[in-house]
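A short write-up of the structure that comes next.
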Amino acid sequence: MTLSNDKDLYLNRKQEAGKTTLEVRHPISGQEHNLEFAGVYTDEQLKELEEKAIKDLPPGAFDPRKTSAEAAFWWCWRFLPEVITDKIGNPQALLLPAETRIPDCPIHSHNSTVSALTGALFPETWTSGDHAHPYLLIFTFSPVQEFVKSSRKFLDFWAGSYLLHYLSARLCWYLAKEYGPDAVITPALWGQEIIDAFIRTENYLELGKHFASQSTEAATSLRIAGFPNVITVLVADKAGAEALGKKLTEQLLSEWTTIGYKVRAAIKKEVHTAIQNRGEAIWQQIAADFGDNTPDNPAKLELLGWGKGDGGQWEWNRLWDAQLAGTWESYWTAVPLGDPDQTLDISKKSQGYDQDWINAQKNLAHARTDLPTAAEQAAYRYLNIGTWWGSLQSRLGQLIQAVKNTRTWALPVAPGERSTVSGQYSAAHPRLLYSDTFREGGGLPASSQRLFWRVMSEVFPGLFNGSEKLNCIELTKRMAWVHGGIGEALGMPSQLSSGRINYEDFIRFPNLSSIAAARFAYTHPQQVKAYWEKLKGLIENEPQLSVQDFKHTTRKPFQIPKTDQELKLKIKDFGEGYNGVMFSSKWLADDLGIEESTTLRKLVNQAHQETGITNGSPGDWWVILLGDGDNMGKYVNGSRLKTYQHYLATETRQELAKRGGAWTDLLENTNKRMGPATHVGLNRALLDFSNRLVPYLTQERFCGRVVYSGGDDVMAILPLEDLPEYLRSLRAAWSGAKDPDAEFDAKGGYWYPKQKLASLPDRPLFTMGEGATMSLGIIVAHKSIPLPTVLENLWAAEKERAKKLTGVGKNTEPNYIPPKDGLCFRVIYSSGNTLEALMKGHLLEPWWAFIQLASKADCAPLLHRLAEELPRRCVVTSDLKLFNRAALVILNRRDQKLNDDLQTALLSWLDAWETWAWGTYWQKLEAWTLAGEPKDKKPELPRGVQPDDLAKLLRFSAFWLDKGRWAKAPSSEESL
């Protein structure tokens, strides 16, 4: 631990009032806040804390001094920071800086960085002489969106996202065991629950027992996908990088095919066993769909053939081989950490730095700015290749994209029927002999395919409905957790038993109807019970419907933690729970394995009416959003970092400023470099946001579920009612702003829990800090819209709309509005029509202030009128506020007046929108003029700034006020 002593010029420790205060800075934003420790610590006492933490371990605890060097290292990497924190008795201890003069890097981040570099310089093969020259390797694989989007049900959607996460985590686990966990630069592995799960289940180096027993919260969070499909690792040399790139490609295929082959074996075993034990019963169940029920019916003979002998008539292994082998395309590249023909650092001579050395680093890194600056060369006595770390990260990104652009990827031949889910690859079938001779499936008839998938629905009830036909990749996705060994690898094996299996219980992910109805159920628990009782009674009187199947399908949890907890608390006979699928006849029929009938639709509508649920259903609308941090490439290459003065301790900055000259230039005009330790700090900020804050906000504060949360990417699903406040919380957590719900104190770019919160560690949580923005695509979909359509719109809304919104001014100006930082709301109605509304992020708060007041009045008709009138009467101006004036005229003509607060909120929001719209329009016009474009032509307007765009925002506001009614407090209907 590097701390200043009492004689140091740059003392950064204050002792007063019985406590020790230490100033720290956020590694990205440079925000300042103080760590406070009870008691007066000298510098030597602070240094001794780490040693005392190890010496004072309780009897029976792990003793790193009495084990192998490898086990000691892993224990110190994973557990020592927490042990030290517990010893001090203050969670702020995790932020103790490695250097108090530049207190922007916690000591455990610094130690991890030093360890990674040391391991690359002196690998296991090194014995003596010169050290190795480290290389940075980047590895990725695709396709991603296509893999996730080929989903008909949420079960497939979740499984696709999770498999990407799991495969990437397994690659990182391989790297951690081979090179050490800190060699993985991106993503950060420390504190990753899935990495902890691998240590625990494998009892790696006998460290598994040092974890606390797995809690219910941990089991739930392990089901959240979060690992990116891009991995950066530090390796020893060029040969090592080349060998590792090839090994990771092999490892990815091995991990994937292992899962697939387990699924293949499980299908064959379960179908074979089922037909041997109850083949006649299965046939009687489906015989009506396959002609006469005679002993020599070809369909019956084929069905019984799948159960003959030890293996039955199964000839599909090559089909699985071809489809699994063609799933992923891997890419990798590497760059040396500095010119390999040069030393890693140099010192300044009397004539200055060796410019040949500097030029060699520049030529390698392709830096966009001239590094090092004149101020850095004048102020520093030493330079090392860390100056170009950020530029090398950008270079890696450019190179891997170039590698991707050269890909030649051919899909395997797909004979016979295609998948009904994605339309890609052949649907799986036991007799689809995929070989050179029989590439067309041996003339497999369509009736045979239909038979197999009907049998699959009988053998795996609740997983297949009998009408869909999946390819081998989709089968692997859907069955991986239970039958492919994923749950077992995470320490959560599925205890399979005979009969109908509730796969939602295994994966703990909700269906679409449960998402949509989650807030309604949370707010109206007694009405949920009354509705279920009513619908059950109606189904009991319909002989063609099975009340037992209805009970099995609907008496299970929502799989929305907040909703299930409230229902369990408020309903005495909660039992196995209640499920939102009962609110939709379409999805209820699907889960029951029957066709949606007029009868079932009528019963569901009747149950709604007779329990007071009118004007639509709580299961009608649901929301999925995709968020992506803005300008992350600029953070990684360092161009978004501030000048050095923001990262130095106050006294240090003041003392250096007195020196003037180059030091003043360095402090005030030179941006901090993105070095290895800052990069680790960035990754840990992303880890806290994505693995801690996003799941807590989505699943504990709101009635939602996380689909994917890794790094700066977030995908979540939630009920419509939760949308506005969820967006406010998510954006605040990303930038470390004030928490809208006041559960956290925002201090210096960190969120401090005010009290112990479920599922969160009791410590300060990293955020990206002030100035960080996020763009989000938000789809509000009717329950009838196919999931692939929703997902296609989701990516387009985020990338093609939200990311394209324009800012105003420069970041040094007082009224600066950053670029991007957009929200694209896209409503997809049951007819397929869409409503798209664009909003800049800074307008969300004034919009919500207005909506909160508007929700207490019947404002939807007024908003529709404003949407019609304002575009016809107004144009965007610099200061005339025409939208404000026209809206005021319309308001004054109404018989029913708005109260003063509501009217002020509406007009203020219109003014804020017009200010942004004019600023971005004028900025575009000015750039057009300076570029010498023809005066008789006008530039294309930026997105979202025209009067019609405001009208769409008003219509979306009216839509939310109308459809978000389930968020209101319980009424008298709760007595049902």
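Starting from 1 in every chain, residues are counted up; chains themselves are A, B, ... following the order of the structure tokens, and ligands are numbered from 1 as listed.
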So which residues of range 814-902 of chain A fall under helix (DSSP H, G or I) by DSSP, listed as a PDB file with C-alpha atoms, in the first residue's frame?
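Contents of the output file result.pdb:
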ATOM      1  CA  GLY A 841     -32.310  12.380 -22.218  1.00  0.00           C
ATOM      2  CA  HIS A 842     -32.248  15.747 -20.453  1.00  0.00           C
ATOM      3  CA  LEU A 843     -35.964  16.196 -21.269  1.00  0.00           C
ATOM      4  CA  LEU A 844     -36.989  13.074 -19.342  1.00  0.00           C
ATOM      5  CA  GLU A 845     -37.119  14.753 -15.927  1.00  0.00           C
ATOM      6  CA  PRO A 846     -39.348  17.710 -16.953  1.00  0.00           C
ATOM      7  CA  TRP A 847     -41.515  15.305 -18.962  1.00  0.00           C
ATOM      8  CA  TRP A 848     -41.996  13.080 -15.921  1.00  0.00           C
ATOM      9  CA  ALA A 849     -42.765  16.093 -13.717  1.00  0.00           C
ATOM     10  CA  PHE A 850     -45.592  16.932 -16.124  1.00  0.00           C
ATOM     11  CA  ILE A 851     -46.798  13.309 -16.495  1.00  0.00           C
ATOM     12  CA  GLN A 852     -47.029  12.803 -12.737  1.00  0.00           C
ATOM     13  CA  LEU A 853     -49.418  15.725 -12.465  1.00  0.00           C
ATOM     14  CA  ALA A 854     -51.259  14.778 -15.666  1.00  0.00           C
ATOM     15  CA  ALA A 860     -55.066  12.190 -22.704  1.00  0.00           C
ATOM     16  CA  PRO A 861     -57.712  13.987 -24.884  1.00  0.00           C
ATOM     17  CA  LEU A 862     -55.922  17.302 -24.371  1.00  0.00           C
ATOM     18  CA  LEU A 863     -52.586  15.816 -25.446  1.00  0.00           C
ATOM     19  CA  HIS A 864     -54.143  14.371 -28.590  1.00  0.00           C
ATOM     20  CA  ARG A 865     -55.549  17.807 -29.407  1.00  0.00           C
ATOM     21  CA  LEU A 866     -52.204  19.489 -28.855  1.00  0.00           C
ATOM     22  CA  ALA A 867     -50.601  16.860 -31.101  1.00  0.00           C
ATOM     23  CA  GLU A 868     -53.018  17.848 -33.871  1.00  0.00           C
ATOM     24  CA  GLU A 869     -52.931  21.619 -33.425  1.00  0.00           C
ATOM     25  CA  LEU A 870     -49.350  22.575 -32.544  1.00  0.00           C
ATOM     26  CA  PRO A 871     -47.607  21.317 -35.715  1.00  0.00           C
ATOM     27  CA  ARG A 872     -50.118  23.251 -37.838  1.00  0.00           C
ATOM     28  CA  ARG A 873     -49.677  26.509 -35.959  1.00  0.00           C
ATOM     29  CA  LEU A 882     -44.499  29.696 -30.139  1.00  0.00           C
ATOM     30  CA  PHE A 883     -45.360  26.212 -28.863  1.00  0.00           C
ATOM     31  CA  ASN A 884     -45.820  27.621 -25.362  1.00  0.00           C
ATOM     32  CA  ARG A 885     -48.055  30.411 -26.635  1.00  0.00           C
ATOM     33  CA  ALA A 886     -50.169  28.238 -28.921  1.00  0.00           C
ATOM     34  CA  ALA A 887     -50.622  25.617 -26.212  1.00  0.00           C
ATOM     35  CA  LEU A 888     -51.693  28.321 -23.761  1.00  0.00           C
ATOM     36  CA  VAL A 889     -54.359  29.554 -26.189  1.00  0.00           C
ATOM     37  CA  ILE A 890     -55.709  26.006 -26.557  1.00  0.00           C
ATOM     38  CA  LEU A 891     -55.693  25.493 -22.784  1.00  0.00           C
ATOM     39  CA  ASN A 892     -57.566  28.746 -22.158  1.00  0.00           C
ATOM     40  CA  ARG A 893     -60.310  27.764 -24.611  1.00  0.00           C
ATOM     41  CA  ASP A 900     -51.557  26.039 -12.222  1.00  0.00           C
ATOM     42  CA  ASP A 901     -48.932  23.414 -11.377  1.00  0.00           C
ATOM     43  CA  LEU A 902     -49.979  21.100 -14.207  1.00  0.00           C
TER      44      LEU A 902
END
| Which neighbours of Tyr166 in chain A fall inside 12 Å, counting only C-alpha atoms, when residues of the same chain fewer than 2 positions from it are skipped, and could you give them as an NGL selection string? | :A and (158-164 or 168-173 or 193-195 or 197-198 or 222-229 or 252 or 255-256 or 259 or 477 or 480-481 or 484-487 or 489-490 or 708)
| Residue neighbourhood Asn669 in chain A, 9 Å, only C-alpha atoms, exclusion window fewer than 6 positions, as a PyMOL selection string | chain A and resi 375+643-645
Write out, as a tab-separated table (two decimals), in the first residue's frame, the residues just selected, with N, CA, C and O atoms.
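Dumped everything to selection_30.tsv:
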chain	number	residue	atom	x	y	z
A	375	ALA	N	3.90	19.17	-22.68
A	375	ALA	CA	3.83	19.35	-21.22
A	375	ALA	C	4.26	18.07	-20.51
A	375	ALA	O	4.98	18.12	-19.49
A	643	THR	N	-8.86	16.67	-17.67
A	643	THR	CA	-7.47	17.08	-17.48
A	643	THR	C	-6.96	16.57	-16.13
A	643	THR	O	-7.73	16.28	-15.22
A	644	TYR	N	-5.64	16.51	-16.01
A	644	TYR	CA	-5.02	15.89	-14.85
A	644	TYR	C	-5.43	16.53	-13.52
A	644	TYR	O	-5.49	15.85	-12.48
A	645	GLN	N	-5.74	17.81	-13.53
A	645	GLN	CA	-6.06	18.48	-12.26
A	645	GLN	C	-7.26	17.86	-11.57
A	645	GLN	O	-7.41	17.96	-10.35
| task | Mind checking which residues fall within 9 Å of Leu682 in chain A, counting only C-alpha atoms, ignoring those fewer than 3 positions away in the same chain, and posting them as a PyMOL selection string? | result | chain A and resi 27-28+635-636+677-679+685-687+766+768
Please produce a file of the residues just selected, as a PDB file, in the first residue's frame, where the atoms kept are C-alpha atoms.
ATOM      1  CA  PRO A  27     -11.065   7.037 -11.895  1.00  0.00           C
ATOM      2  CA  ILE A  28     -13.202   8.162 -14.855  1.00  0.00           C
ATOM      3  CA  TYR A 635     -13.758   6.240 -22.643  1.00  0.00           C
ATOM      4  CA  VAL A 636     -11.557   3.236 -23.412  1.00  0.00           C
ATOM      5  CA  ALA A 677      -5.075   0.649 -13.837  1.00  0.00           C
ATOM      6  CA  THR A 678      -7.639   3.206 -15.021  1.00  0.00           C
ATOM      7  CA  HIS A 679      -8.883   0.654 -17.556  1.00  0.00           C
ATOM      8  CA  ALA A 685     -17.354   0.513 -12.681  1.00  0.00           C
ATOM      9  CA  LEU A 686     -19.124  -1.274 -15.520  1.00  0.00           C
ATOM     10  CA  LEU A 687     -19.258  -4.440 -13.412  1.00  0.00           C
ATOM     11  CA  PHE A 766     -18.975   2.327  -8.833  1.00  0.00           C
ATOM     12  CA  MET A 768     -19.519   5.834 -14.649  1.00  0.00           C
TER      13      MET A 768
END
| request: Provide the CA of Lys209 in chain A to CA of Trp75 in chain A distance in Å, to one decimal place. | output: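 Going from CA of Lys209 in chain A over to CA of Trp75 in chain A covers 11.5 Å.
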| request: Determine which residues of range 766-828 of chain A receive a DSSP assignment of strand (DSSP E or B), computed from the backbone, and state them as JSON, numbers by chain. | output: {"A": [766, 774, 775, 776, 777, 778, 779, 780, 781, 782, 808, 817, 822, 823, 824, 825, 826, 827, 828]}
Using only C-alpha atoms, what table do you get, as a Markdown table, when you list each residue of range 226-308 of chain A with an atom no more than 9 Å from range 121-140 of chain A, its nearest pair of atoms, and their distance in Å rounded to one decimal, rows by chain then rising number?
| residue | atom | partner | partner_atom | distance |
| --- | --- | --- | --- | --- |
| A:Pro228 | CA | A:Thr140 | CA | 8.9 |
| A:Asn229 | CA | A:Thr140 | CA | 5.5 |
| A:Val230 | CA | A:Thr140 | CA | 4.5 |
| A:Ile231 | CA | A:Phe139 | CA | 5.2 |
| A:Thr232 | CA | A:Ile138 | CA | 4.5 |
| A:Val233 | CA | A:Leu137 | CA | 5.4 |
| A:Leu234 | CA | A:Leu136 | CA | 4.8 |
| A:Val235 | CA | A:Tyr135 | CA | 5.3 |
| A:Ala236 | CA | A:Pro134 | CA | 4.5 |
| A:Asp237 | CA | A:Pro134 | CA | 5.1 |
| A:Lys238 | CA | A:Tyr135 | CA | 6.4 |
| A:Gly240 | CA | A:Tyr135 | CA | 8.4 |
| A:Ala241 | CA | A:Leu137 | CA | 6.3 |
| A:Glu242 | CA | A:Leu137 | CA | 8.7 |
| A:Leu244 | CA | A:Leu137 | CA | 8.5 |
| A:Gly245 | CA | A:Phe139 | CA | 7.0 |
| A:Leu248 | CA | A:Phe139 | CA | 7.9 |
| A:Thr249 | CA | A:Phe139 | CA | 8.7 |
Mind writing the picked residues with all heavy atoms as a compact mmCIF listing (two decimals), in the first residue's frame?
# COMPACT_ATOMS: atom_id res chain seq x y z
N PRO A 228 -19.84 -10.11 -21.90
CA PRO A 228 -19.80 -9.71 -23.32
C PRO A 228 -19.15 -10.79 -24.16
O PRO A 228 -18.44 -11.66 -23.64
CB PRO A 228 -18.95 -8.44 -23.29
CG PRO A 228 -18.04 -8.65 -22.12
CD PRO A 228 -18.84 -9.40 -21.09
N ASN A 229 -19.38 -10.74 -25.46
CA ASN A 229 -18.75 -11.71 -26.36
C ASN A 229 -17.42 -11.20 -26.89
O ASN A 229 -16.89 -11.72 -27.87
CB ASN A 229 -19.68 -12.06 -27.52
CG ASN A 229 -19.89 -10.89 -28.46
OD1 ASN A 229 -20.05 -9.76 -28.02
ND2 ASN A 229 -19.90 -11.15 -29.76
N VAL A 230 -16.88 -10.17 -26.24
CA VAL A 230 -15.56 -9.63 -26.59
C VAL A 230 -14.67 -9.74 -25.36
O VAL A 230 -15.02 -9.24 -24.28
CB VAL A 230 -15.65 -8.17 -27.04
CG1 VAL A 230 -14.27 -7.63 -27.38
CG2 VAL A 230 -16.58 -8.03 -28.24
N ILE A 231 -13.53 -10.39 -25.50
CA ILE A 231 -12.62 -10.64 -24.38
C ILE A 231 -11.25 -10.07 -24.74
O ILE A 231 -10.74 -10.30 -25.84
CB ILE A 231 -12.50 -12.15 -24.10
CG1 ILE A 231 -13.87 -12.74 -23.73
CG2 ILE A 231 -11.49 -12.41 -22.98
CD1 ILE A 231 -13.88 -14.26 -23.73
N THR A 232 -10.65 -9.33 -23.81
CA THR A 232 -9.29 -8.82 -23.99
C THR A 232 -8.42 -9.42 -22.90
O THR A 232 -8.78 -9.39 -21.72
CB THR A 232 -9.25 -7.28 -23.89
OG1 THR A 232 -10.18 -6.73 -24.81
CG2 THR A 232 -7.86 -6.78 -24.23
N VAL A 233 -7.27 -9.96 -23.29
CA VAL A 233 -6.40 -10.63 -22.32
C VAL A 233 -4.96 -10.24 -22.59
O VAL A 233 -4.56 -9.96 -23.72
CB VAL A 233 -6.60 -12.17 -22.42
CG1 VAL A 233 -6.25 -12.68 -23.80
CG2 VAL A 233 -5.79 -12.91 -21.37
N LEU A 234 -4.17 -10.20 -21.53
CA LEU A 234 -2.75 -9.85 -21.60
C LEU A 234 -1.93 -11.14 -21.58
O LEU A 234 -2.07 -11.96 -20.66
CB LEU A 234 -2.38 -8.97 -20.40
CG LEU A 234 -1.08 -8.19 -20.45
CD1 LEU A 234 -1.04 -7.23 -21.62
CD2 LEU A 234 -0.90 -7.43 -19.14
N VAL A 235 -1.13 -11.35 -22.62
CA VAL A 235 -0.33 -12.57 -22.72
C VAL A 235 1.14 -12.21 -22.89
O VAL A 235 1.50 -11.05 -23.09
CB VAL A 235 -0.80 -13.45 -23.90
CG1 VAL A 235 -2.19 -13.99 -23.63
CG2 VAL A 235 -0.79 -12.68 -25.21
N ALA A 236 2.00 -13.24 -22.86
CA ALA A 236 3.43 -13.00 -22.71
C ALA A 236 4.13 -12.53 -23.99
O ALA A 236 4.98 -11.65 -23.93
CB ALA A 236 4.10 -14.28 -22.20
N ASP A 237 3.78 -13.10 -25.14
CA ASP A 237 4.54 -12.75 -26.34
C ASP A 237 3.71 -13.06 -27.57
O ASP A 237 2.57 -13.53 -27.49
CB ASP A 237 5.88 -13.50 -26.38
CG ASP A 237 5.72 -15.00 -26.17
OD1 ASP A 237 4.67 -15.56 -26.59
OD2 ASP A 237 6.62 -15.62 -25.58
N LYS A 238 4.29 -12.82 -28.76
CA LYS A 238 3.58 -13.01 -30.02
C LYS A 238 3.18 -14.47 -30.22
O LYS A 238 2.04 -14.76 -30.60
CB LYS A 238 4.46 -12.53 -31.17
CG LYS A 238 3.79 -12.64 -32.54
CD LYS A 238 4.70 -12.12 -33.64
CE LYS A 238 4.01 -12.22 -35.01
NZ LYS A 238 4.89 -11.71 -36.09
N GLY A 240 2.74 -16.72 -27.98
CA GLY A 240 1.70 -17.05 -27.01
C GLY A 240 0.34 -16.51 -27.43
O GLY A 240 -0.69 -17.15 -27.23
N ALA A 241 0.33 -15.31 -28.02
CA ALA A 241 -0.93 -14.71 -28.48
C ALA A 241 -1.52 -15.52 -29.62
O ALA A 241 -2.73 -15.78 -29.66
CB ALA A 241 -0.69 -13.27 -28.91
N GLU A 242 -0.67 -15.93 -30.58
CA GLU A 242 -1.17 -16.72 -31.71
C GLU A 242 -1.72 -18.06 -31.24
O GLU A 242 -2.78 -18.50 -31.68
CB GLU A 242 -0.04 -16.94 -32.72
CG GLU A 242 0.37 -15.67 -33.45
CD GLU A 242 1.56 -15.89 -34.37
OE1 GLU A 242 2.21 -16.96 -34.25
OE2 GLU A 242 1.84 -15.01 -35.21
N LEU A 244 -2.86 -18.76 -28.29
CA LEU A 244 -4.08 -18.57 -27.48
C LEU A 244 -5.28 -18.27 -28.36
O LEU A 244 -6.39 -18.76 -28.10
CB LEU A 244 -3.86 -17.44 -26.48
CG LEU A 244 -5.06 -17.13 -25.57
CD1 LEU A 244 -5.47 -18.36 -24.77
CD2 LEU A 244 -4.73 -15.98 -24.63
N GLY A 245 -5.10 -17.47 -29.41
CA GLY A 245 -6.21 -17.19 -30.30
C GLY A 245 -6.79 -18.46 -30.90
O GLY A 245 -8.01 -18.65 -30.97
N LEU A 248 -8.57 -20.56 -28.04
CA LEU A 248 -9.88 -20.06 -27.67
C LEU A 248 -10.94 -20.43 -28.71
O LEU A 248 -12.09 -20.72 -28.36
CB LEU A 248 -9.83 -18.54 -27.49
CG LEU A 248 -9.11 -18.03 -26.24
CD1 LEU A 248 -9.04 -16.50 -26.25
CD2 LEU A 248 -9.80 -18.51 -24.97
N THR A 249 -10.54 -20.45 -29.98
CA THR A 249 -11.46 -20.89 -31.03
C THR A 249 -11.87 -22.34 -30.80
O THR A 249 -13.05 -22.70 -30.89
CB THR A 249 -10.81 -20.73 -32.41
OG1 THR A 249 -10.47 -19.36 -32.61
CG2 THR A 249 -11.74 -21.19 -33.52
| task | Skip Leu35 in chain A itself and residues of its chain fewer than 2 positions away, then list as a PyMOL selection string all residues within 9 Å of it, counting only C-alpha atoms. | result | chain A and resi 20-24+33+37+92-93+95-96
Those residues you just picked out, can you put them in a file as a short mmCIF file (atom, residue, chain, number, x, y, z; two decimals), in the first residue's frame with all heavy atoms?
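Ended up saving to selection.cif:
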data_model
loop_
_atom_site.label_atom_id
_atom_site.label_comp_id
_atom_site.auth_asym_id
_atom_site.auth_seq_id
_atom_site.Cartn_x
_atom_site.Cartn_y
_atom_site.Cartn_z
N THR A 20 -10.04 9.55 10.73
CA THR A 20 -9.07 9.77 9.67
C THR A 20 -9.81 9.95 8.36
O THR A 20 -10.66 9.13 8.00
CB THR A 20 -8.09 8.59 9.56
OG1 THR A 20 -7.42 8.42 10.80
CG2 THR A 20 -7.08 8.82 8.45
N THR A 21 -9.48 11.03 7.65
CA THR A 21 -10.15 11.33 6.38
C THR A 21 -9.13 11.28 5.25
O THR A 21 -8.03 11.81 5.37
CB THR A 21 -10.80 12.73 6.42
OG1 THR A 21 -11.73 12.78 7.50
CG2 THR A 21 -11.53 13.02 5.13
N LEU A 22 -9.52 10.63 4.17
CA LEU A 22 -8.63 10.49 3.02
C LEU A 22 -9.39 10.88 1.77
O LEU A 22 -10.49 10.41 1.52
CB LEU A 22 -8.17 9.03 2.91
CG LEU A 22 -6.95 8.74 2.05
CD1 LEU A 22 -5.70 9.38 2.64
CD2 LEU A 22 -6.75 7.23 1.93
N GLU A 23 -8.83 11.77 0.97
CA GLU A 23 -9.47 12.22 -0.26
C GLU A 23 -9.23 11.23 -1.38
O GLU A 23 -8.11 10.76 -1.58
CB GLU A 23 -8.90 13.60 -0.65
CG GLU A 23 -9.46 14.17 -1.93
CD GLU A 23 -8.77 15.47 -2.34
OE1 GLU A 23 -8.18 16.13 -1.46
OE2 GLU A 23 -8.81 15.79 -3.54
N VAL A 24 -10.29 10.90 -2.13
CA VAL A 24 -10.15 10.03 -3.31
C VAL A 24 -10.86 10.68 -4.49
O VAL A 24 -11.71 11.56 -4.32
CB VAL A 24 -10.72 8.61 -3.07
CG1 VAL A 24 -9.93 7.88 -2.02
CG2 VAL A 24 -12.20 8.66 -2.71
N HIS A 33 -14.53 12.82 -3.44
CA HIS A 33 -15.21 12.65 -2.16
C HIS A 33 -14.22 12.07 -1.17
O HIS A 33 -13.12 11.63 -1.53
CB HIS A 33 -16.49 11.82 -2.29
CG HIS A 33 -16.28 10.34 -2.35
ND1 HIS A 33 -15.69 9.70 -3.42
CD2 HIS A 33 -16.62 9.35 -1.47
CE1 HIS A 33 -15.68 8.39 -3.21
NE2 HIS A 33 -16.22 8.16 -2.04
N PHE A 37 -12.69 7.13 8.27
CA PHE A 37 -12.48 5.95 9.09
C PHE A 37 -12.45 6.35 10.55
O PHE A 37 -11.75 7.31 10.93
CB PHE A 37 -11.17 5.25 8.72
CG PHE A 37 -11.11 4.82 7.28
CD1 PHE A 37 -10.49 5.63 6.33
CD2 PHE A 37 -11.69 3.64 6.87
CE1 PHE A 37 -10.45 5.25 5.01
CE2 PHE A 37 -11.65 3.26 5.54
CZ PHE A 37 -11.03 4.05 4.61
N GLN A 92 -15.88 1.41 2.97
CA GLN A 92 -15.11 2.36 2.17
C GLN A 92 -13.67 1.92 1.97
O GLN A 92 -12.97 2.43 1.09
CB GLN A 92 -15.13 3.74 2.82
CG GLN A 92 -16.44 4.49 2.69
CD GLN A 92 -16.30 5.91 3.20
OE1 GLN A 92 -15.67 6.17 4.23
NE2 GLN A 92 -16.89 6.84 2.47
N ALA A 93 -13.23 0.95 2.77
CA ALA A 93 -11.84 0.50 2.67
C ALA A 93 -11.53 -0.06 1.29
O ALA A 93 -10.37 -0.06 0.87
CB ALA A 93 -11.54 -0.54 3.74
N LEU A 95 -12.04 1.34 -1.32
CA LEU A 95 -11.65 2.46 -2.17
C LEU A 95 -10.33 3.08 -1.73
O LEU A 95 -9.90 4.09 -2.30
CB LEU A 95 -12.74 3.54 -2.16
CG LEU A 95 -14.12 3.13 -2.66
CD1 LEU A 95 -15.07 4.32 -2.66
CD2 LEU A 95 -14.04 2.52 -4.05
N LEU A 96 -9.66 2.50 -0.72
CA LEU A 96 -8.35 3.03 -0.32
C LEU A 96 -7.43 3.09 -1.53
O LEU A 96 -7.27 2.10 -2.25
CB LEU A 96 -7.72 2.14 0.75
CG LEU A 96 -8.19 2.40 2.19
CD1 LEU A 96 -7.68 1.29 3.11
CD2 LEU A 96 -7.71 3.76 2.68
#
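Closest approach to Leu910 in chain A among A:Ala239, A:Leu667, A:Leu953, A:Ala927 is made by A:Leu953 (distances from only C-alpha atoms).
Shortest atom-to-atom contact with Thr812 in chain A among A:Lys642, A:Asp573, A:Arg601, A:Pro525: A:Lys642, counting only C-alpha atoms.
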| task | Rounded to one decimal place, report the CA of Thr664 in chain A-CA of Leu383 in chain A distance in Å. | result |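 Between these atoms lies a distance of 19.0 Å.
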| request: Excluding Gly633 in chain A and any residue of its chain fewer than 2 positions from it, enumerate the residues within 12 Å of it, using only C-alpha atoms, and give them as number ranges by chain. | output: A: 390-398, 628-631, 635-641, 674, 679, 682, 712
